[in-house]
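Presented below is the structure to which this report refers.
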Amino acid sequence: MGERRVSTISMRGTTLGAVGLAVAGTLALTGCKNGNEELPAAQPSSSATQPSQPATPSDQPSSPAAPSSSASTGGASVPGANGTAKSGQQFKIGEAAQIPFDYGSTKGGRIALTVTAIEQGNPADLDVLKLGDKVKGMIPYYVRYSVQNTGTVDLSHTSVGHIKGLLPDGSEAQGVSVIGKFEKCPNESLPKGFTNGKTQTSCAIALAPSAQTKVTAAQYWGEPYNILSKNKELVWK
């Protein structure tokens, strides 16, 4: 048996705690930050910390900004240029957003990102993740989305993450990042040969704090739709 590690990270914050569990696989209970990369899993420590609550919610997306005439900024296309989604643009569940996509050394990609469903799960679904009291009383929701390569760059072995759930008041739902397989909500890197026209489905876990609160929307905060790029996230609801 290998070792599964679980870390807790506050949404858009730096509070961090970790606990190692002697079970198979590797897991991380995470939030997100104001950058272009997912937060890494924490190293194990000798004491466990309860999941931190998300920080104060960011402003709700405003009306779409006018398309920019500039072709790029910071290595990624400006939102609204060349038919891409505009800063803060809102979509209905099932609608596709055309977005620029960079990942590591893979630059200049373009994808159609579609949140296809937000499904309520059962608290018992989380038992296999061995998170214990860290998720006591929370309800899992599965944000399902599809990724289609609509550009000319081969996106083999890249990963489209940066998807989070939103609560009715616009605040961020707690996220769970699973390194390994979780059948209820599979999330894998794009396969080899992911060229123009290829599509893959994926999933992100969002936790509602109680049965009385639902995850009602989803948000994409990858580059260039984030605060560091001075742009707002894309929203599906």
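Residue numbering restarts at 1 in every chain; chains get A, B, ... in the order shown in the structure tokens, and ligands count up from 1 in that same order.
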With range 229-237 of chain A as the partner and 10 Å as the cut-off, tabulate the residues of range 131-210 of chain A that qualify, each row holding the nearest pair of atoms and their distance in Å to one decimal, using only C-alpha atoms, sorted by chain and rising number, as CSV.
residue,atom,partner,partner_atom,distance
A:His162,CA,A:Glu233,CA,10.0
A:Ile163,CA,A:Leu234,CA,9.7
A:Lys164,CA,A:Val235,CA,9.7
A:Gly165,CA,A:Trp236,CA,9.6
A:Leu166,CA,A:Val235,CA,9.1
Suppose we keep C-alpha atoms; can you now write the selection as an mmCIF file, in the first residue's frame?
data_model
loop_
_atom_site.group_PDB
_atom_site.id
_atom_site.type_symbol
_atom_site.label_atom_id
_atom_site.label_comp_id
_atom_site.auth_asym_id
_atom_site.auth_seq_id
_atom_site.Cartn_x
_atom_site.Cartn_y
_atom_site.Cartn_z
ATOM 1 C CA HIS A 162 -9.007 26.135 -12.450
ATOM 2 C CA ILE A 163 -12.689 25.203 -12.167
ATOM 3 C CA LYS A 164 -14.475 25.941 -8.895
ATOM 4 C CA GLY A 165 -18.036 25.898 -7.611
ATOM 5 C CA LEU A 166 -19.912 28.971 -6.387
#
Per residue of range 75-174 of chain A within 10 Å of range 204-223 of chain A, which atom pair is closest and at what distance in Å (one decimal), using only C-alpha atoms, listed by chain and increasing number, as a tab-separated table?
residue	atom	partner	partner_atom	distance
A:Gly75	CA	A:Glu223	CA	9.5
A:Ala76	CA	A:Glu223	CA	7.2
A:Ser77	CA	A:Glu223	CA	9.1
A:Val78	CA	A:Glu223	CA	9.7
A:Pro79	CA	A:Glu223	CA	9.6
A:Gly88	CA	A:Gln219	CA	9.7
A:Gln90	CA	A:Gln219	CA	9.2
A:Phe91	CA	A:Ala218	CA	9.8
A:Lys92	CA	A:Ala217	CA	9.4
A:Ile93	CA	A:Ala217	CA	8.5
A:Ile99	CA	A:Glu223	CA	9.3
A:Pro100	CA	A:Glu223	CA	8.2
A:Phe101	CA	A:Glu223	CA	7.6
A:Asp102	CA	A:Glu223	CA	7.9
A:Tyr103	CA	A:Glu223	CA	9.7
A:Leu113	CA	A:Tyr220	CA	9.1
A:Val115	CA	A:Ala218	CA	7.5
A:Ala117	CA	A:Ala218	CA	9.4
A:Ile118	CA	A:Thr216	CA	7.4
A:Glu119	CA	A:Val215	CA	8.7
A:Gln120	CA	A:Val215	CA	8.1
A:Gly121	CA	A:Leu207	CA	9.5
A:Pro123	CA	A:Leu207	CA	9.5
A:Val135	CA	A:Leu207	CA	8.2
A:Lys136	CA	A:Pro209	CA	8.9
A:Gly137	CA	A:Ser210	CA	5.6
A:Met138	CA	A:Pro209	CA	4.7
A:Ile139	CA	A:Ala208	CA	5.1
A:Pro140	CA	A:Leu207	CA	4.6
A:Tyr141	CA	A:Ala206	CA	5.1
A:Tyr142	CA	A:Ile205	CA	5.0
A:Val143	CA	A:Ala204	CA	5.0
A:Arg144	CA	A:Ala204	CA	6.5
A:Tyr145	CA	A:Ala204	CA	8.2
A:Val160	CA	A:Gly222	CA	8.5
A:Gly161	CA	A:Gly222	CA	7.5
A:His162	CA	A:Gly222	CA	5.3
A:Ile163	CA	A:Tyr220	CA	4.8
A:Lys164	CA	A:Gln219	CA	5.4
A:Gly165	CA	A:Ala218	CA	4.4
A:Leu166	CA	A:Ala217	CA	5.0
A:Leu167	CA	A:Val215	CA	4.8
A:Pro168	CA	A:Thr216	CA	5.9
A:Asp169	CA	A:Thr216	CA	9.4
A:Gly170	CA	A:Ala217	CA	8.3
A:Ser171	CA	A:Val215	CA	9.8
A:Glu172	CA	A:Ala206	CA	8.8
A:Ala173	CA	A:Leu207	CA	5.6
A:Gln174	CA	A:Leu207	CA	5.1
| remark: A straight line from CA of Asn122 in chain A to CA of Gln200 in chain A spans 24.9 Å
| said: Need to verify the contact set: Leu155 in chain A, 10 Å, only C-alpha atoms, exclusion of same-chain residues closer than 6 positions in sequence. Can you return it as a ChimeraX atom specification? | reply: /A:101-103,106-111,149,189-196,198
Residue selection dump (N, CA and C atoms) as a compact mmCIF listing (two decimals), in the first residue's frame:
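Done, and the output landed in part.txt:
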# COMPACT_ATOMS: atom_id res chain seq x y z
N PHE A 101 -5.33 29.22 -24.22
CA PHE A 101 -4.87 28.22 -23.26
C PHE A 101 -3.37 27.98 -23.40
N ASP A 102 -2.65 28.25 -22.30
CA ASP A 102 -1.23 27.94 -22.18
C ASP A 102 -1.07 26.97 -21.02
N TYR A 103 -0.08 26.08 -21.11
CA TYR A 103 0.18 25.15 -20.02
C TYR A 103 1.66 24.81 -20.05
N THR A 106 3.73 24.59 -23.27
CA THR A 106 2.77 24.57 -24.38
C THR A 106 2.08 25.93 -24.45
N LYS A 107 2.31 26.66 -25.51
CA LYS A 107 1.81 28.02 -25.64
C LYS A 107 0.93 28.17 -26.87
N GLY A 108 0.03 29.13 -26.81
CA GLY A 108 -0.76 29.50 -27.99
C GLY A 108 -1.92 28.57 -28.29
N GLY A 109 -2.35 27.78 -27.31
CA GLY A 109 -3.48 26.90 -27.54
C GLY A 109 -4.81 27.65 -27.48
N ARG A 110 -5.84 26.98 -27.90
CA ARG A 110 -7.19 27.56 -27.87
C ARG A 110 -8.17 26.41 -27.62
N ILE A 111 -9.07 26.59 -26.65
CA ILE A 111 -10.02 25.53 -26.33
C ILE A 111 -11.43 26.09 -26.21
N ASN A 149 -10.32 20.93 -28.17
CA ASN A 149 -9.22 21.66 -28.78
C ASN A 149 -9.73 22.33 -30.06
N SER A 189 -5.49 14.33 -17.07
CA SER A 189 -4.83 15.18 -18.05
C SER A 189 -5.34 14.85 -19.46
N LEU A 190 -5.17 15.78 -20.37
CA LEU A 190 -5.57 15.53 -21.75
C LEU A 190 -4.65 14.46 -22.35
N PRO A 191 -5.18 13.55 -23.13
CA PRO A 191 -4.39 12.42 -23.63
C PRO A 191 -3.42 12.81 -24.75
N LYS A 192 -2.56 11.88 -25.07
CA LYS A 192 -1.63 12.07 -26.18
C LYS A 192 -2.43 12.24 -27.47
N GLY A 193 -1.97 13.12 -28.33
CA GLY A 193 -2.65 13.35 -29.60
C GLY A 193 -3.90 14.19 -29.47
N PHE A 194 -3.95 15.07 -28.45
CA PHE A 194 -5.12 15.92 -28.26
C PHE A 194 -4.98 17.13 -29.18
N THR A 195 -5.33 16.92 -30.44
CA THR A 195 -5.19 17.93 -31.48
C THR A 195 -6.55 18.54 -31.82
N ASN A 196 -6.58 19.38 -32.82
CA ASN A 196 -7.79 20.11 -33.18
C ASN A 196 -8.99 19.18 -33.34
N LYS A 198 -10.43 17.34 -31.03
CA LYS A 198 -10.52 16.32 -29.98
C LYS A 198 -11.22 16.91 -28.74
| query | For Ser146 in chain A, which of A:Ser159, A:Thr199, A:Ser105, A:Ser177 is the closest residue, counting only C-alpha atoms? | reply | A:Thr199
| message | Neighbouring residues of Lys184 in chain A were defined as those with any atom within 8 Å, considering only C-alpha atoms; residues of the same chain fewer than 2 positions away were excluded. Please report them as a PyMOL selection string. | response | chain A and resi 125+182+186
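With CA of Ser202 in chain A on one side and CA of Cys185 in chain A on the other, the separation reads 7.5 Å.
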| said: as a ChimeraX atom specification, please: the residues near Ala96 in chain A (cut-off 7 Å, only C-alpha atoms, same-chain neighbours under 2 positions excluded). | reply: /A:94,98,112-114
| request: Can you work out the spacing between CA of Gly175 in chain A and CA of Thr158 in chain A in Å, to one decimal? | output: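 Separation between CA of Gly175 in chain A and CA of Thr158 in chain A: 20.6 Å.
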